[in-house]
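Written below as structure tokens is the structure these notes are about.
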Amino acid sequence: MGGEFRNREIETMTPAELARIQEEKLARQVRYVYERAPFYRKKLSEAGLRPEDVTTLGGLARVPFTTKDELRDSQLADPPLGSHAAVPLADAIRVHSSTGTTGRPSFVGITRHDASVWTDLTARSLHAQGLRPQDIVLHAAGLTMFVGGLPVKDAIEHIGATFVPIGTGASEKAVMALQVLKANVLHCTPSYAIYLAEYVRANYGLAPQELGLERITVGAEPGGGIPAVRQRIQNEWGARLTEGMGNADMAPIIFGECFEQGGMHFNAQEYIIPEIIDPESGERLAIEQGVSGEMVYTAIDRECCPLLRFRTRDRVIVTATECSCGRTSFRIRCVGRTDDMLIVLGVNVFPSAVKDTISSLVPETTGEMQIVLDAPGPKVAPPLRIMAEYGNDVTDLPALKTKIEGLIKDRLTILSKVELVPPETLPRYDMKGQLVRKAYEEAR
Ligand SMILES: [Zn+2]
């Protein structure tokens, strides 16, 4: 069967063959940053390394990590792109920014070559998710500055599919595009896929699946990988959901899930070296099924803002290292961001796991919930406060509360206190969802 792969050779390569390509490009990239990016010359020198020490995957493990804070400091000290940039802004063709979930955003410049690399790897991730030239894609995400905007447009057009730029906050246009243009693919955040379904029901008196959507590709938050949330979106739309994941400082969509729907394949084989590390010790972990840790990226084909061993703060779990689709790259799920993690009496809790539990009880709940923090995290004194919406037909609220608290105890091994609220009282989000409410900030 033709067209299963965008680049058959790369996507079906053995790990040994791929390592050879990656090491060759790594050696070249390290020499390049050492010569052109003062930030990395200093970092490597301080670690007692010269470019010739970093020519293998083993050698890469000796390079100190790059953190988001360092990038921010580098740009503050040496604006606009920072001393980790290897070419001036004038040589870039476009600038993006990472909308920092923590603090000041950082700018990311790309050259023409960088843009072509981004287009290729992003197209590969979208192709893995089933995107083909005949598709009409409704892109309901931000187009300004956001790496999930224009670079994704480039990739969709590169495949030859039809790109429909809806943007955000334009649900009426989105419905029009579904009805008139017969868009069959929706690209958005999981929160928006749910929001739009509710919008269609409320304003058009239609069931979302009547609009004929076939596939939904989601990203930018973990929702697509939360089983109960995924199930809910697929049921609402009668469409198949797959997810992708990128990183604003590294590349738009680095991972993309194939039709097996068992985790996202790594699709930037010859452009990025991925590592998974123990977030506490920084030790590199073997990429094997079941391994969980923080995702770290090294760009090996980048001109403007090349990063070595960049810590993403994304917590991932390896779901498999082989697949019936024939791709040889490993697959992951993202369980959340390190910044979002809560610790309840020594137990690590990602808000996405609480969301999964609440969503698994639809229709007894609406699936909507928020964790309420009365003091700054990550440590939370038990019980964990959770607000959840009960479903329309629920009459016995005390029984539902007991059921949810019991389920959370069973699944997450923590004590919780659930406050049930009527349907449609918690805030809805048409971009990224907020699973945690910082009540202590509101009280100030
Ligand atoms: Zn696969």
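Each chain in the structure tokens gets a letter, A, B, ..., in the order shown, and its residues are numbered from 1; ligands are numbered from 1 in order too.
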Task: Environment of ligand 1 within 9 Å, counting only C-alpha atoms and all ligand atoms, reported as a list in words - done: Ala128, Glu257, Cys258, Phe259, Glu260, Gln261, Gly262, Gly263, Met264, His265, Glu322, Cys323, Ser324, Cys325, Gly326, Arg327, Thr328, Ser329, Phe330 and Arg331 of chain A
- [ ] Find the residues near Leu435 of chain A: any atom within 9 Å, counting only C-alpha atoms, skip ones fewer than 2 places away on the same chain, and give them as a list in words.
- [x] Pro351, Ser352, Val354, Lys355, Glu368, Met369, Gln370, Ile371, Val372, Gly433 and Arg437 of chain A
Open item on the list: Which residues are close to Glu442 of chain A, i.e. within 12 Å by only C-alpha atoms, leaving aside same-chain residues fewer than 3 positions away? Reply as a ChimeraX atom specification.
Closed with: /A:372-376,437-439
Those residues with all heavy atoms, as a CSV table (one decimal), in the first residue's frame please?
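Dumped everything to result-v3.csv:
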```csv
chain,number,residue,atom,x,y,z
A,372,VAL,N,-8.8,22.8,43.1
A,372,VAL,CA,-8.7,24.1,43.7
A,372,VAL,C,-7.6,24.1,44.7
A,372,VAL,O,-7.5,23.3,45.6
A,372,VAL,CB,-10.1,24.5,44.4
A,372,VAL,CG1,-10.0,25.9,45.0
A,372,VAL,CG2,-11.2,24.4,43.5
A,373,LEU,N,-6.6,25.0,44.5
A,373,LEU,CA,-5.5,25.1,45.4
A,373,LEU,C,-5.7,26.3,46.4
A,373,LEU,O,-5.9,27.5,45.9
A,373,LEU,CB,-4.2,25.3,44.7
A,373,LEU,CG,-3.7,24.1,43.8
A,373,LEU,CD1,-2.4,24.4,43.2
A,373,LEU,CD2,-3.7,22.8,44.6
A,374,ASP,N,-5.6,26.1,47.6
A,374,ASP,CA,-5.8,27.2,48.6
A,374,ASP,C,-4.4,27.8,49.0
A,374,ASP,O,-4.3,28.8,49.7
A,374,ASP,CB,-6.5,26.7,49.9
A,374,ASP,CG,-7.9,26.3,49.5
A,374,ASP,OD1,-8.6,27.1,48.8
A,374,ASP,OD2,-8.4,25.2,49.9
A,375,ALA,N,-3.4,27.1,48.6
A,375,ALA,CA,-2.0,27.6,48.8
A,375,ALA,C,-1.1,27.1,47.6
A,375,ALA,O,-1.5,26.2,46.9
A,375,ALA,CB,-1.5,27.0,50.1
A,376,PRO,N,0.0,27.9,47.4
A,376,PRO,CA,0.8,27.5,46.2
A,376,PRO,C,1.3,26.0,46.3
A,376,PRO,O,1.6,25.6,47.4
A,376,PRO,CB,1.9,28.5,46.3
A,376,PRO,CG,1.5,29.6,47.1
A,376,PRO,CD,0.5,29.0,48.1
A,437,ARG,N,-7.2,25.7,39.6
A,437,ARG,CA,-7.6,27.0,40.0
A,437,ARG,C,-6.8,27.5,41.2
A,437,ARG,O,-6.9,26.8,42.2
A,437,ARG,CB,-9.1,27.1,40.3
A,437,ARG,CG,-9.7,28.5,40.1
A,437,ARG,CD,-11.2,28.5,40.5
A,437,ARG,NE,-11.4,29.2,41.7
A,437,ARG,CZ,-12.4,28.9,42.5
A,437,ARG,NH1,-13.3,28.0,42.2
A,437,ARG,NH2,-12.6,29.6,43.7
A,438,LYS,N,-6.1,28.6,41.1
A,438,LYS,CA,-5.3,29.0,42.2
A,438,LYS,C,-6.1,30.0,43.1
A,438,LYS,O,-6.0,31.2,42.9
A,438,LYS,CB,-4.0,29.7,41.7
A,438,LYS,CG,-3.1,28.8,40.9
A,438,LYS,CD,-2.0,29.5,40.2
A,438,LYS,CE,-1.1,28.5,39.5
A,438,LYS,NZ,-0.1,29.1,38.6
A,439,ALA,N,-6.9,29.4,44.0
A,439,ALA,CA,-7.8,30.2,44.8
A,439,ALA,C,-7.1,31.2,45.7
A,439,ALA,O,-7.6,32.2,46.0
A,439,ALA,CB,-8.7,29.3,45.6
```
TODO: May I ask for the distance between atom CA of Glu364 of chain A and atom CA of Leu426 of chain A, given in Å to one decimal place?
DONE: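 The value is 15.7 Å.
Note that atom CA of Val394 of chain A and atom CA of Pro423 of chain A are 10.3 Å apart.
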TODO: Grab the atom CA of Glu441 of chain A to atom CA of Val349 of chain A distance for me, in Å with one decimal place.
DONE: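 Interatomic distance here is 21.1 Å.
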Task: Residues near segment 105-114 of chain A, cut-off 9 Å, only C-alpha atoms, skip fewer than 4 positions along chain, as a ChimeraX atom specification - done: /A:68,71-72,75,80-82,85,87-89,91-101,118-119,145,248-250,301-305
TODO: Between A:Leu415, A:Lys403, A:Tyr429, A:Ile273, single out the one closest to Tyr199 of chain A, counting only C-alpha atoms.
DONE: A:Tyr429
Task: Nearest to Ser359 of chain A by atom-to-atom distance, counting only C-alpha atoms, from A:Leu407, A:Val147, A:Ala177, A:Leu138 - done: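 Of the candidates, the smallest distance to Ser359 of chain A is held by A:Leu407.
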Open item on the list: Quick check for you: according to DSSP on this backbone, which residues of segment 149-242 of chain A are classed as strand (DSSP E or B)? Reply as a PyMOL selection string.
Closed with: chain A and resi 162-165+185-188+215-218+240-242
File of the preceding selection, N, CA and C atoms, as a PDB file, in the first residue's frame:
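Writing done, so here's again_28.pdb:
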```pdb
ATOM      1  N   THR A 162      -6.026  21.005   2.063  1.00  0.00           N
ATOM      2  CA  THR A 162      -6.541  22.367   2.007  1.00  0.00           C
ATOM      3  C   THR A 162      -6.581  22.957   3.413  1.00  0.00           C
ATOM      4  N   PHE A 163      -5.903  24.088   3.572  1.00  0.00           N
ATOM      5  CA  PHE A 163      -5.796  24.734   4.876  1.00  0.00           C
ATOM      6  C   PHE A 163      -6.884  25.793   5.021  1.00  0.00           C
ATOM      7  N   VAL A 164      -7.710  25.681   6.059  1.00  0.00           N
ATOM      8  CA  VAL A 164      -8.758  26.674   6.309  1.00  0.00           C
ATOM      9  C   VAL A 164      -8.426  27.389   7.617  1.00  0.00           C
ATOM     10  N   PRO A 165      -7.928  28.647   7.526  1.00  0.00           N
ATOM     11  CA  PRO A 165      -7.470  29.355   8.739  1.00  0.00           C
ATOM     12  C   PRO A 165      -8.607  29.983   9.524  1.00  0.00           C
ATOM     13  N   VAL A 185     -11.457  17.464   8.490  1.00  0.00           N
ATOM     14  CA  VAL A 185     -10.465  17.326   9.558  1.00  0.00           C
ATOM     15  C   VAL A 185     -10.474  18.602  10.393  1.00  0.00           C
ATOM     16  N   LEU A 186     -10.450  18.441  11.725  1.00  0.00           N
ATOM     17  CA  LEU A 186     -10.362  19.589  12.630  1.00  0.00           C
ATOM     18  C   LEU A 186      -9.033  19.515  13.365  1.00  0.00           C
ATOM     19  N   HIS A 187      -8.280  20.620  13.342  1.00  0.00           N
ATOM     20  CA  HIS A 187      -7.006  20.677  14.069  1.00  0.00           C
ATOM     21  C   HIS A 187      -7.147  21.739  15.150  1.00  0.00           C
ATOM     22  N   CYS A 188      -7.030  21.339  16.426  1.00  0.00           N
ATOM     23  CA  CYS A 188      -7.259  22.281  17.522  1.00  0.00           C
ATOM     24  C   CYS A 188      -6.759  21.683  18.835  1.00  0.00           C
ATOM     25  N   ARG A 215     -11.950  13.265  11.107  1.00  0.00           N
ATOM     26  CA  ARG A 215     -10.781  13.137  11.977  1.00  0.00           C
ATOM     27  C   ARG A 215     -10.532  14.424  12.747  1.00  0.00           C
ATOM     28  N   ILE A 216      -9.961  14.269  13.924  1.00  0.00           N
ATOM     29  CA  ILE A 216      -9.581  15.432  14.732  1.00  0.00           C
ATOM     30  C   ILE A 216      -8.132  15.234  15.148  1.00  0.00           C
ATOM     31  N   THR A 217      -7.297  16.217  14.861  1.00  0.00           N
ATOM     32  CA  THR A 217      -5.899  16.153  15.312  1.00  0.00           C
ATOM     33  C   THR A 217      -5.721  17.231  16.374  1.00  0.00           C
ATOM     34  N   VAL A 218      -5.301  16.808  17.552  1.00  0.00           N
ATOM     35  CA  VAL A 218      -5.201  17.756  18.661  1.00  0.00           C
ATOM     36  C   VAL A 218      -3.773  17.862  19.169  1.00  0.00           C
ATOM     37  N   ARG A 240     -12.409  10.239  14.396  1.00  0.00           N
ATOM     38  CA  ARG A 240     -11.258   9.599  15.008  1.00  0.00           C
ATOM     39  C   ARG A 240     -10.275  10.656  15.509  1.00  0.00           C
ATOM     40  N   LEU A 241      -9.842  10.529  16.745  1.00  0.00           N
ATOM     41  CA  LEU A 241      -8.932  11.526  17.310  1.00  0.00           C
ATOM     42  C   LEU A 241      -7.514  10.974  17.419  1.00  0.00           C
ATOM     43  N   THR A 242      -6.566  11.758  16.956  1.00  0.00           N
ATOM     44  CA  THR A 242      -5.157  11.446  17.186  1.00  0.00           C
ATOM     45  C   THR A 242      -4.493  12.704  17.725  1.00  0.00           C
TER      46      THR A 242
END
```
Task: Counting only C-alpha atoms, the residue of A:Thr413, A:Thr298, A:Gln234, A:Ser281 that sits nearest Asn247 of chain A - done: A:Thr298
Task: Asp53 of chain A environment, 9 Å, only C-alpha atoms, sequence neighbours closer than 4 positions dropped, as a PyMOL selection string - done: chain A and resi 27+49+59-60+62
Open item on the list: With distances taken over only C-alpha atoms, which residue among A:Val380, A:Gly224, A:Arg313, A:Asn235 lies nearest Ala207 of chain A?
Closed with: A:Asn235
Open item on the list: Restricting the calculation to only C-alpha atoms: of A:Pro133, A:Pro252, A:Gly212, A:Gly223, which residue gets closest to Gly238 of chain A?
Closed with: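 Closest to Gly238 of chain A, using only C-alpha atoms: A:Gly212.
The nearest approach to Lys25 of chain A among the residues A:Ile300, A:Lys173, A:Gly225, A:Leu211, with only C-alpha atoms taken into account, belongs to A:Ile300.
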Open item on the list: Show me, as a list in words, the residues that have an atom within 10 Å of Leu44 of chain A when counting only C-alpha atoms, minus same-chain residues fewer than 5 positions from it.
Closed with: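 Result of the neighbour search: Val30, Val33, Tyr34, Pro38, Phe39, Leu49, Arg50, Pro51, Asp53, Val54, Arg62, Val63 and Pro64 of chain A.
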Task: Near-segment 11-23 of chain A list (6 Å; only C-alpha atoms; drop same-chain fewer than 3 positions) as a ChimeraX atom specification - done: /A:7-8,26,55-56,270,327-328
